[in-house]
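Working notes, structure below.
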Amino acid sequence: MMRNRITLLARAIFFSLLCLPILAFSPVATVNSAEPFTLDGRAVAVSGVASVPLAFGDEVATSTAPAVLFFADGSSVKLAASSRAKLIGSESQPKLVLLAGSLDYKVVLGSNLSVTSLDLERNTKPAAHTVQPAAKALATPRPDQVALSVYTR
């Protein structure tokens, strides 16, 4: 009887430790799209899915439709069709790097999110990218938001 309780307790501890990383996962952002996109090279079907969680190191690529990344602080990034971006950094300093294509973004006041392009990260020619005010970002920015567009060639 005692041996069964010890075995049961050992199994409970084992499965608790096994599930702990899954339960502790807190997404950095979520991504929504009207059309399928790829996440870390794997196709993601969007039918019936409200949003897909993103973690540091994830790479999102769009094909025929844009995808919108929503961050917990209220910041958002609209990744244009035929574009790729990678989420790097840390909880305190998240960074989205545009690898190809273009994006529009809104960063709320007080956010630590930074958005950059691969060209800027590599310190290549300034002509290889353009950062300009977004004409039609996700919506009209409020006074506590910054809205810009980033393009690569």
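Identifiers in this document derive from the order of the structure tokens: chains are assigned A, B, ..., residues are numbered from 1 separately in each chain, and ligands are numbered from 1 in order of occurrence.
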Backbone-only DSSP, helix (DSSP H, G or I) members of stretch 13-100 of chain A, as JSON, numbers by chain = {"A": [13, 14, 15, 16, 17, 18, 19, 20, 21, 22, 23, 24]}
Could you write out that same residue set with C-alpha atoms as a PDB file, in the first residue's frame?
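Listed below is the output, selection04.pdb:
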```pdb
ATOM      1  CA  ILE A  13       5.764  14.874  -9.577  1.00  0.00           C
ATOM      2  CA  PHE A  14       7.182  13.623 -12.879  1.00  0.00           C
ATOM      3  CA  PHE A  15       4.143  14.729 -14.906  1.00  0.00           C
ATOM      4  CA  SER A  16       3.982  18.060 -13.060  1.00  0.00           C
ATOM      5  CA  LEU A  17       7.603  18.773 -13.958  1.00  0.00           C
ATOM      6  CA  LEU A  18       6.967  17.657 -17.523  1.00  0.00           C
ATOM      7  CA  CYS A  19       3.980  19.996 -17.925  1.00  0.00           C
ATOM      8  CA  LEU A  20       5.456  22.984 -16.076  1.00  0.00           C
ATOM      9  CA  PRO A  21       7.249  24.505 -19.116  1.00  0.00           C
ATOM     10  CA  ILE A  22       4.058  24.227 -21.155  1.00  0.00           C
ATOM     11  CA  LEU A  23       1.973  25.947 -18.488  1.00  0.00           C
ATOM     12  CA  ALA A  24       4.645  28.577 -17.860  1.00  0.00           C
TER      13      ALA A  24
END
```
Closest contacts (stretch 17-89 of chain A/stretch 107-118 of chain A, max 9 Å, only C-alpha atoms) as a tab-separated table:
```
residue	atom	partner	partner_atom	distance
A:Phe71	CA	A:Leu113	CA	8.7
A:Asp73	CA	A:Ser111	CA	6.5
A:Gly74	CA	A:Val108	CA	6.4
A:Ser75	CA	A:Val107	CA	4.6
A:Ser76	CA	A:Val107	CA	6.6
A:Val77	CA	A:Val107	CA	8.4
A:Ala85	CA	A:Ser117	CA	8.5
```
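Across the model, the gap from atom CA of A:Asp40 to atom CA of A:Pro94 is 17.7 Å.
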Running DSSP on the backbone, which parts of stretch 60-119 of chain A land in strand (DSSP E), as number ranges by chain?
-> A: 60-62, 67-71, 76-79, 84-89, 94-100, 102-108, 114-117
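The two atoms in question, atom CA of A:Leu79 and atom CA of A:Leu98, are spaced 8.7 Å apart.
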Using only C-alpha atoms, which of the listed residues (A:Ala72, A:Ala34, A:Val46, A:Leu99) sits closest to A:Val60?
->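 Ranking A:Ala72, A:Ala34, A:Val46, A:Leu99 by distance to A:Val60, first place goes to A:Leu99.
Between A:Phe70 and the candidates A:Gly101, A:Val49, A:Leu96, A:Ser83, the tightest atom-to-atom separation, counting only C-alpha atoms, involves A:Leu96.
From atom CA of A:Ala29 back to atom CA of A:Ser63, the distance works out to 19.9 Å.
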